[in-house]
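start-v7.cif, holding mmCIF, C-alpha atoms:
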```cif
data_model
#
loop_
_atom_site.label_atom_id
_atom_site.label_comp_id
_atom_site.auth_asym_id
_atom_site.auth_seq_id
_atom_site.Cartn_x
_atom_site.Cartn_y
_atom_site.Cartn_z
CA THR P 1265 -16.12 139.08 106.60
CA THR P 1266 -16.36 137.90 110.19
CA VAL P 1267 -17.93 140.19 112.76
CA GLU P 1268 -17.53 139.49 116.46
CA VAL P 1269 -20.31 140.70 118.76
CA PRO P 1270 -19.83 140.46 122.53
CA VAL P 1271 -22.67 138.74 124.35
CA ASP P 1272 -23.07 139.28 128.07
CA GLN P 1273 -25.42 136.36 128.69
CA PRO P 1274 -25.28 132.59 128.20
CA LEU P 1275 -26.42 131.13 124.89
CA TYR P 1276 -28.20 127.80 124.94
CA VAL P 1277 -27.97 125.29 122.11
CA VAL P 1278 -31.43 123.76 122.40
CA ALA P 1279 -32.55 120.42 121.09
CA ASN P 1280 -34.11 120.24 117.63
CA ILE P 1281 -37.81 120.13 118.48
CA ARG P 1282 -39.11 120.52 114.92
CA PRO P 1283 -39.92 116.76 114.71
CA VAL P 1284 -41.68 117.09 118.08
CA LEU P 1285 -43.90 119.92 116.84
CA GLU P 1286 -44.64 118.12 113.57
CA THR P 1287 -45.62 114.91 115.37
CA ALA P 1288 -47.67 116.82 117.94
CA THR P 1289 -49.55 118.52 115.09
CA ARG P 1290 -50.37 115.15 113.50
CA LEU P 1291 -51.49 113.70 116.82
CA ALA P 1292 -53.67 116.72 117.53
CA ALA P 1293 -55.70 115.87 114.42
CA ASN P 1294 -56.35 112.36 115.74
CA PRO P 1295 -59.74 112.08 117.52
CA SER P 1296 -58.41 109.58 120.08
CA PHE P 1297 -55.63 112.00 120.98
CA ARG P 1298 -58.10 114.85 121.52
CA VAL P 1299 -60.11 112.61 123.84
CA GLY P 1300 -57.00 111.98 125.94
CA LEU P 1301 -56.00 115.64 125.82
CA ARG P 1302 -59.29 116.85 127.26
CA ILE P 1303 -59.40 113.95 129.73
CA GLU P 1304 -62.98 113.24 128.69
CA LYS P 1305 -63.08 109.50 129.19
CA TYR P 1306 -65.64 106.92 128.26
CA ARG P 1307 -68.63 106.59 130.54
CA GLY P 1308 -67.83 104.90 133.81
CA ASP P 1309 -64.07 105.40 133.44
CA GLY P 1310 -62.01 107.49 135.80
CA THR P 1311 -62.06 108.08 139.52
CA GLU P 1312 -62.17 111.89 139.72
CA PHE P 1313 -65.60 113.54 139.75
CA ASP P 1314 -66.33 115.57 136.62
CA THR P 1315 -70.04 116.40 136.39
CA LEU P 1316 -73.61 115.24 137.00
CA ASP P 1317 -75.67 114.11 134.04
CA GLU P 1318 -79.03 112.47 133.36
CA PHE P 1319 -79.04 108.68 133.46
CA ARG P 1320 -79.07 107.02 130.05
CA GLN P 1321 -79.74 103.45 129.03
CA GLY P 1322 -76.52 101.49 129.29
CA ASP P 1323 -75.03 103.57 132.12
CA ASP P 1324 -73.60 101.78 135.11
CA HIS P 1325 -76.23 101.71 137.86
CA ARG P 1326 -73.49 102.10 140.45
CA ALA P 1327 -72.87 105.61 139.10
CA ILE P 1328 -76.36 106.81 140.06
CA ASP P 1329 -76.26 109.68 142.56
CA TRP P 1330 -79.41 109.05 144.63
CA LYS P 1331 -79.35 112.38 146.49
CA ALA P 1332 -79.13 114.33 143.23
CA SER P 1333 -81.79 112.08 141.70
CA SER P 1334 -84.11 112.85 144.62
CA ARG P 1335 -83.64 116.60 144.21
CA HIS P 1336 -84.24 116.55 140.44
CA GLY P 1337 -87.02 113.98 140.41
CA LYS P 1338 -85.18 111.81 137.86
CA LEU P 1339 -82.17 109.53 137.78
CA ILE P 1340 -78.88 111.44 137.80
CA CYS P 1341 -75.43 109.87 137.26
CA ARG P 1342 -72.01 110.97 138.36
CA ARG P 1343 -69.60 111.33 135.43
CA ASN P 1344 -65.99 110.73 136.28
CA ARG P 1345 -62.73 111.42 134.49
CA ALA P 1346 -59.13 110.39 134.81
CA GLU P 1347 -57.27 112.06 137.62
CA ARG P 1348 -55.24 115.08 136.66
CA GLU P 1349 -51.87 116.17 138.02
CA GLN P 1350 -50.40 112.69 137.95
CA SER P 1351 -46.61 112.48 138.00
CA VAL P 1352 -44.60 111.44 134.96
CA CYS P 1353 -40.81 111.19 135.22
CA LEU P 1354 -38.58 110.94 132.16
CA ALA P 1355 -35.26 109.18 132.86
CA ILE P 1356 -32.71 109.52 130.05
CA ASP P 1357 -29.49 107.55 129.88
CA THR P 1358 -26.66 109.69 128.43
CA GLY P 1359 -24.03 106.95 128.72
CA ARG P 1360 -21.65 105.67 126.09
CA LEU P 1361 -24.09 103.36 124.31
CA MET P 1362 -26.59 106.20 123.83
CA GLY P 1363 -24.05 108.05 121.68
CA GLU P 1364 -24.17 105.34 119.01
CA PRO P 1365 -26.14 106.31 115.90
CA VAL P 1366 -29.36 104.70 114.71
CA ASP P 1367 -30.59 105.85 111.30
CA GLY P 1368 -27.71 108.32 111.24
CA VAL P 1369 -28.71 110.05 114.50
CA PRO P 1370 -27.36 109.28 118.01
CA ARG P 1371 -29.72 107.35 120.23
CA LEU P 1372 -29.66 110.17 122.77
CA ASP P 1373 -31.08 112.63 120.21
CA HIS P 1374 -33.92 110.23 119.40
CA ALA P 1375 -34.61 109.84 123.13
CA VAL P 1376 -34.72 113.62 123.66
CA GLN P 1377 -37.20 114.10 120.82
CA ALA P 1378 -39.50 111.33 122.07
CA SER P 1379 -39.23 112.65 125.64
CA LEU P 1380 -40.20 116.19 124.66
CA LEU P 1381 -43.12 114.87 122.63
CA LEU P 1382 -44.42 112.87 125.58
CA ALA P 1383 -43.81 115.80 127.95
CA TYR P 1384 -45.88 118.09 125.73
CA VAL P 1385 -48.80 115.63 125.71
CA CYS P 1386 -48.57 115.00 129.47
CA LEU P 1387 -48.53 118.70 130.31
CA SER P 1388 -51.43 119.32 127.93
CA SER P 1389 -53.34 116.59 129.76
CA GLY P 1390 -52.84 118.33 133.11
CA ASP P 1391 -50.16 115.99 134.44
CA ARG P 1392 -46.82 116.91 135.98
CA VAL P 1393 -43.51 116.06 134.30
CA GLY P 1394 -40.04 115.60 135.77
CA LEU P 1395 -36.67 114.74 134.26
CA MET P 1396 -33.60 112.83 135.36
CA THR P 1397 -30.47 112.27 133.27
CA PHE P 1398 -27.64 109.95 134.18
CA SER P 1399 -24.57 108.09 132.97
CA GLY P 1400 -21.97 106.98 135.53
CA LEU P 1401 -23.62 109.38 138.00
CA VAL P 1402 -26.92 111.22 138.16
CA GLU P 1403 -26.30 114.36 136.12
CA SER P 1404 -29.53 116.32 136.56
CA TRP P 1405 -32.85 116.09 138.37
CA LEU P 1406 -36.01 118.14 137.88
CA ALA P 1407 -38.83 117.13 140.21
CA PRO P 1408 -42.23 116.65 138.50
CA ARG P 1409 -44.11 119.91 137.99
CA GLY P 1410 -47.08 120.96 135.89
CA GLY P 1411 -47.97 123.89 133.64
CA MET P 1412 -47.23 124.39 129.95
CA GLY P 1413 -44.29 126.61 130.85
CA ARG P 1414 -42.58 123.42 132.02
CA ILE P 1415 -41.90 122.41 128.41
CA HIS P 1416 -39.47 125.32 128.06
CA GLU P 1417 -37.61 124.21 131.18
CA LEU P 1418 -37.37 120.68 129.84
CA THR P 1419 -36.17 121.92 126.46
CA ARG P 1420 -33.51 124.02 128.15
CA ALA P 1421 -32.44 121.04 130.27
CA ALA P 1422 -32.18 118.95 127.10
CA SER P 1423 -29.85 121.57 125.61
CA SER P 1424 -27.27 120.81 128.31
CA LEU P 1425 -27.17 117.05 127.66
CA ALA P 1426 -23.86 115.69 126.40
CA TYR P 1427 -22.73 112.29 125.18
CA SER P 1428 -20.88 110.67 128.05
CA GLU P 1429 -17.90 108.36 127.67
CA TYR P 1430 -18.92 106.39 130.77
CA GLU P 1431 -21.15 103.36 131.03
CA ALA P 1432 -24.58 103.99 132.51
CA ASN P 1433 -24.91 103.08 136.18
CA HIS P 1434 -28.51 101.91 136.19
CA PRO P 1435 -28.67 100.67 139.82
CA LEU P 1436 -27.42 104.02 141.16
CA ALA P 1437 -29.68 106.09 138.91
CA LEU P 1438 -32.82 104.05 139.60
CA THR P 1439 -32.17 104.09 143.34
CA GLU P 1440 -31.86 107.88 143.31
CA LEU P 1441 -34.97 108.13 141.14
CA ALA P 1442 -36.99 106.07 143.62
CA ARG P 1443 -35.86 108.37 146.44
CA GLY P 1444 -36.87 111.48 144.51
CA LEU P 1445 -40.42 110.31 143.70
CA ARG P 1446 -42.67 110.78 146.70
CA ARG P 1447 -45.85 109.45 145.06
CA ARG P 1448 -46.72 106.75 142.57
CA SER P 1449 -45.56 107.90 139.14
CA LEU P 1450 -45.21 106.86 135.55
CA VAL P 1451 -41.47 106.37 134.98
CA VAL P 1452 -40.30 106.36 131.36
CA LEU P 1453 -36.72 105.12 130.95
CA PHE P 1454 -34.76 105.65 127.73
CA THR P 1455 -31.63 103.54 127.71
CA GLU P 1456 -29.59 100.91 125.87
CA PHE P 1457 -27.88 97.68 126.92
CA LEU P 1458 -25.60 95.09 125.37
CA ASP P 1459 -26.83 91.67 126.45
CA SER P 1460 -28.76 89.81 129.13
CA ALA P 1461 -25.61 89.07 131.13
CA THR P 1462 -24.59 92.72 131.65
CA SER P 1463 -28.18 93.96 132.06
CA GLY P 1464 -28.84 91.84 135.17
CA PRO P 1465 -28.41 94.63 137.78
CA MET P 1466 -30.56 96.96 135.69
CA VAL P 1467 -33.36 94.38 135.40
CA GLU P 1468 -33.27 93.65 139.14
CA ARG P 1469 -33.52 97.34 140.06
CA LEU P 1470 -36.30 97.99 137.54
CA GLY P 1471 -38.25 95.10 139.05
CA ARG P 1472 -38.04 96.76 142.46
CA LEU P 1473 -39.08 100.12 141.03
CA ALA P 1474 -42.10 98.53 139.34
CA HIS P 1475 -43.46 97.42 142.74
CA ARG P 1476 -44.43 101.02 143.50
CA HIS P 1477 -44.36 102.86 140.17
CA LEU P 1478 -45.56 102.17 136.65
CA VAL P 1479 -42.41 101.74 134.54
CA VAL P 1480 -42.12 102.01 130.76
CA PHE P 1481 -38.79 100.80 129.36
CA ILE P 1482 -37.79 102.27 125.97
CA VAL P 1483 -35.07 100.92 123.68
CA LEU P 1484 -34.52 101.85 120.05
CA ARG P 1485 -34.50 99.02 117.56
CA ASP P 1486 -31.73 99.15 114.98
CA GLU P 1487 -33.35 97.90 111.78
CA GLY P 1488 -29.92 97.68 110.18
CA LEU P 1489 -29.04 95.00 112.70
CA ASP P 1490 -32.28 93.18 111.91
CA ARG P 1491 -31.42 93.22 108.22
CA LEU P 1492 -27.98 91.78 108.95
CA ALA P 1493 -29.55 88.93 110.94
CA THR P 1494 -32.05 87.99 108.22
CA ALA P 1495 -29.95 88.59 105.09
CA ARG P 1496 -28.78 85.54 103.09
CA PRO P 1497 -24.98 85.36 103.60
CA SER P 1498 -22.85 85.06 100.49
CA ASP P 1499 -19.54 84.31 102.23
CA ALA P 1500 -18.12 83.25 105.60
CA HIS P 1501 -17.61 86.82 106.77
CA LYS P 1502 -21.26 87.75 106.15
CA LEU P 1503 -22.37 84.51 107.77
CA HIS P 1504 -20.40 85.40 110.89
CA ARG P 1505 -22.00 88.87 110.96
CA ALA P 1506 -25.49 87.39 110.54
CA VAL P 1507 -24.95 84.93 113.40
CA LEU P 1508 -23.64 87.70 115.65
CA ALA P 1509 -26.53 90.02 114.80
CA ASP P 1510 -29.07 87.26 115.45
CA SER P 1511 -27.39 86.46 118.77
CA LEU P 1512 -27.62 90.10 119.86
CA ALA P 1513 -31.30 90.24 118.90
CA MET P 1514 -32.04 87.10 120.90
CA GLU P 1515 -30.19 88.45 123.95
CA ARG P 1516 -32.25 91.62 123.69
CA GLN P 1517 -35.51 89.68 123.66
CA VAL P 1518 -34.45 87.66 126.71
CA THR P 1519 -34.01 90.88 128.70
CA LEU P 1520 -37.28 92.39 127.46
CA ARG P 1521 -39.22 89.22 128.36
CA GLU P 1522 -37.72 89.22 131.85
CA LEU P 1523 -38.70 92.87 132.33
CA GLY P 1524 -42.23 92.09 131.17
CA ARG P 1525 -42.42 89.28 133.70
CA LEU P 1526 -41.51 91.79 136.42
CA GLY P 1527 -44.34 94.13 135.42
CA VAL P 1528 -42.31 96.59 133.33
CA LEU P 1529 -43.96 97.78 130.09
CA CYS P 1530 -41.46 97.57 127.23
CA ILE P 1531 -41.34 99.43 123.92
CA ASP P 1532 -38.75 98.17 121.44
CA ALA P 1533 -39.35 100.19 118.29
CA PRO P 1534 -37.53 102.00 115.45
CA PRO P 1535 -36.81 105.68 116.13
CA ARG P 1536 -39.44 106.92 113.65
CA THR P 1537 -42.25 105.20 115.56
CA VAL P 1538 -41.11 105.28 119.18
CA GLY P 1539 -42.53 108.75 119.90
CA PRO P 1540 -46.08 108.10 118.64
CA ARG P 1541 -46.10 104.62 120.23
CA LEU P 1542 -45.07 106.11 123.56
CA VAL P 1543 -47.85 108.72 123.38
CA GLU P 1544 -50.39 106.03 122.49
CA ARG P 1545 -49.27 103.94 125.46
CA TYR P 1546 -49.51 106.95 127.78
CA LEU P 1547 -53.08 107.77 126.65
CA GLU P 1548 -54.04 104.11 127.01
CA LEU P 1549 -52.70 104.05 130.56
CA LYS P 1550 -54.64 107.24 131.36
CA ARG P 1551 -57.87 105.75 130.04
CA ARG P 1552 -57.36 102.59 132.06
CA GLU P 1553 -56.47 104.53 135.22
CA ARG P 1554 -53.10 102.76 135.51
CA ILE P 1555 -51.22 105.89 136.57
#
```

Would you kindly transcribe this structure into structure tokens?
Amino acid sequence: TTVEVPVDQPLYVVANIRPVLETATRLAANPSFRVGLRIEKYRGDGTEFDTLDEFRQGDDHRAIDWKASSRHGKLICRRNRAEREQSVCLAIDTGRLMGEPVDGVPRLDHAVQASLLLAYVCLSSGDRVGLMTFSGLVESWLAPRGGMGRIHELTRAASSLAYSEYEANHPLALTELARGLRRRSLVVLFTEFLDSATSGPMVERLGRLAHRHLVVFIVLRDEGLDRLATARPSDAHKLHRAVLADSLAMERQVTLRELGRLGVLCIDAPPRTVGPRLVERYLELKRRERI
């Protein structure tokens, strides 16, 4: 029996965030993650004042607060922490190549899950998170904003993403992104490309963006393609496939090396590890005051 019930409000098909919550739970049990979450950095790290504490052997003498030491009659140090409310912008390519499956799931779905995981960690750390999606044109833009309620806005925005039939216009999207960011930010780009020849405009624009912002470039590695490239061919057809797969892998590495030379941080990882690796890189950048 089918029963129809009228609904007088929009219904949102939200992204599957169960993997996000499961990964966040595992990371929360990791001591290094809890350090990053509380923004309690190692002694001497950070630029934002946190508290005054008694000088201990091994502390940096430059951290001594002489006025406070004079008042207390003993050496007092300034303890700093990483700055809060830094801007993180997630840029997600929804173009044609992102609709292709990896491990049975479209690349776009993997990107959404990793983005929401990183957004949760960033917001928990006191930073602000924004979102831009694009294919042939810029489809949506949410300026960076803080607060844990932001995760619900990002989840709702992810529910409206669709697989586009158009190629991604990286130069246009990255130009608009640069205009929308008024302060130095961590830009995390999820995208896909074919070869070094067609990725030239994207690489050039990312190099410009990296002059002002810290850019992390994310691509999902297809392990099936790696297996094709390394498998022993038993006939001419399989040999041709192996050569083609190896050629694609080499073209990919050429582009990633060029991006690294321009100061872009690259993560080329299988879908199951890209989320945790991205969070680890973010916490590392926070500890090193790169953002």

Query raised in the report: What's the 9 Å shell around Lys1331 in chain P, counting all atoms listed in the file, without same-chain residues fewer than 4 positions away, as a ChimeraX atom specification?
Result: /P:1335-1336,1340

For the PyMOL selection byres ((chain P and resi 1396) around 10), applied here, can you spell out every residue it catches as a PDB file with C-alpha atoms, in the frame of the given file?
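Generated file (expr07.pdb):
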```pdb
ATOM      1  CA  CYS P1353     -40.810 111.190 135.220  1.00  0.00           C
ATOM      2  CA  LEU P1354     -38.580 110.940 132.160  1.00  0.00           C
ATOM      3  CA  ALA P1355     -35.260 109.180 132.860  1.00  0.00           C
ATOM      4  CA  ILE P1356     -32.710 109.520 130.050  1.00  0.00           C
ATOM      5  CA  ASP P1357     -29.490 107.550 129.880  1.00  0.00           C
ATOM      6  CA  GLY P1394     -40.040 115.600 135.770  1.00  0.00           C
ATOM      7  CA  LEU P1395     -36.670 114.740 134.260  1.00  0.00           C
ATOM      8  CA  THR P1397     -30.470 112.270 133.270  1.00  0.00           C
ATOM      9  CA  PHE P1398     -27.640 109.950 134.180  1.00  0.00           C
ATOM     10  CA  VAL P1402     -26.920 111.220 138.160  1.00  0.00           C
ATOM     11  CA  GLU P1403     -26.300 114.360 136.120  1.00  0.00           C
ATOM     12  CA  SER P1404     -29.530 116.320 136.560  1.00  0.00           C
ATOM     13  CA  TRP P1405     -32.850 116.090 138.370  1.00  0.00           C
ATOM     14  CA  LEU P1406     -36.010 118.140 137.880  1.00  0.00           C
ATOM     15  CA  ALA P1407     -38.830 117.130 140.210  1.00  0.00           C
ATOM     16  CA  PRO P1408     -42.230 116.650 138.500  1.00  0.00           C
ATOM     17  CA  ALA P1421     -32.440 121.040 130.270  1.00  0.00           C
ATOM     18  CA  ALA P1437     -29.680 106.090 138.910  1.00  0.00           C
ATOM     19  CA  LEU P1438     -32.820 104.050 139.600  1.00  0.00           C
ATOM     20  CA  GLU P1440     -31.860 107.880 143.310  1.00  0.00           C
ATOM     21  CA  LEU P1441     -34.970 108.130 141.140  1.00  0.00           C
ATOM     22  CA  GLY P1444     -36.870 111.480 144.510  1.00  0.00           C
ATOM     23  CA  LEU P1453     -36.720 105.120 130.950  1.00  0.00           C
TER      24      LEU P1453
END
```

Query raised in the report: Where does the PyMOL selection byres ((chain P and resi 1465) around 12) land in this file, that is, which residues does it pick, as number ranges by chain?
Result: P: 1432-1439, 1457, 1459-1464, 1466-1472, 1519, 1523

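A straight line drawn from CA of Leu1489 in chain P to CA of Leu1372 in chain P is 18.2 Å long.
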
Query raised in the report: Evaluating the PyMOL selection byres ((chain P and resi 1339) around 9) on the displayed file yields which residues, as a ChimeraX atom specification?
Result: /P:1317-1320,1328-1330,1332-1334,1336-1338,1340-1341

**Report entry** Residues within 12 Å of Pro1274 in chain P, all atoms listed in the file, excluding chain neighbours under 4 positions, as JSON, numbers by chain
**Finding:** {"P": [1270, 1420, 1424]}

Requested in this report: Kindly extract all protein, DNA and RNA residues lying within 9 Å of the coordinates (-44.7, 105.5, 140.7) given in the file, considering all atoms listed in the file, and supply them as a count of residues only.
Outcome: 19

Query - Two-atom distance - CA of Thr1419 in chain P, CA of Asp1367 in chain P (Å) - result: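 Between CA of Thr1419 in chain P and CA of Asp1367 in chain P the gap works out to 22.8 Å.
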
Report task. Measure the distance from CA of Val1518 in chain P to CA of Leu1382 in chain P in Å and round it to one decimal. Result -> 27.1 Å

Selection: 9 Å around Val1483 in chain P, all atoms listed in the file, excl. self and same-chain fewer than 4 positions, as a JSON list (two decimals) with C-alpha atoms, in the frame of the given file:
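The resulting file, selection_0.json, is reproduced below:
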```
[["chain", "number", "residue", "atom", "x", "y", "z"],
["P", 1375, "ALA", "CA", -34.61, 109.84, 123.13],
["P", 1453, "LEU", "CA", -36.72, 105.12, 130.95],
["P", 1454, "PHE", "CA", -34.76, 105.65, 127.73],
["P", 1455, "THR", "CA", -31.63, 103.54, 127.71],
["P", 1456, "GLU", "CA", -29.59, 100.91, 125.87],
["P", 1457, "PHE", "CA", -27.88, 97.68, 126.92],
["P", 1530, "CYS", "CA", -41.46, 97.57, 127.23],
["P", 1531, "ILE", "CA", -41.34, 99.43, 123.92],
["P", 1532, "ASP", "CA", -38.75, 98.17, 121.44],
["P", 1533, "ALA", "CA", -39.35, 100.19, 118.29],
["P", 1534, "PRO", "CA", -37.53, 102.00, 115.45],
["P", 1538, "VAL", "CA", -41.11, 105.28, 119.18]]
```

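When only C-alpha atoms are used to compute distances to Glu1522 in chain P, the closest of the residues P:Val1267, P:Phe1481, P:Glu1487, P:Leu1508 turns out to be P:Phe1481.
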
**Report entry** Contacts of Met1412 in chain P within 9 Å, all atoms listed in the file, excl. fewer than 3 positions in-chain, as a list in words
**Finding:**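 My list of contacting residues is Tyr1384, Leu1387, Ser1388, Gly1390, Ile1415 and His1416 of chain P.
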
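Nearest to Asp1391 in chain P of all the residues P:Thr1537, P:Gln1377, P:Gln1350, P:Gln1273 is P:Gln1350, counting all atoms listed in the file.
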
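Minimum atom-to-atom distances from P:Ala1426, P:Leu1484, P:Gly1400, P:Val1452 to Arg1536 in chain P were compared using all atoms listed in the file, and the lowest value belongs to P:Leu1484.
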
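Proximity of P:Val1376, P:Ile1482, P:Met1514, P:Val1507 to Thr1494 in chain P, computed with all atoms listed in the file, is greatest for P:Val1507.
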
Report task. Rank P:His1374, P:Leu1425, P:Val1385, P:Val1271 by their smallest atom-to-atom distance to Ser1399 in chain P, using all atoms listed in the file, and report the top residue only. Result ->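 Checking each of P:His1374, P:Leu1425, P:Val1385, P:Val1271 against Ser1399 in chain P, counting all atoms listed in the file, the winner is P:Leu1425.
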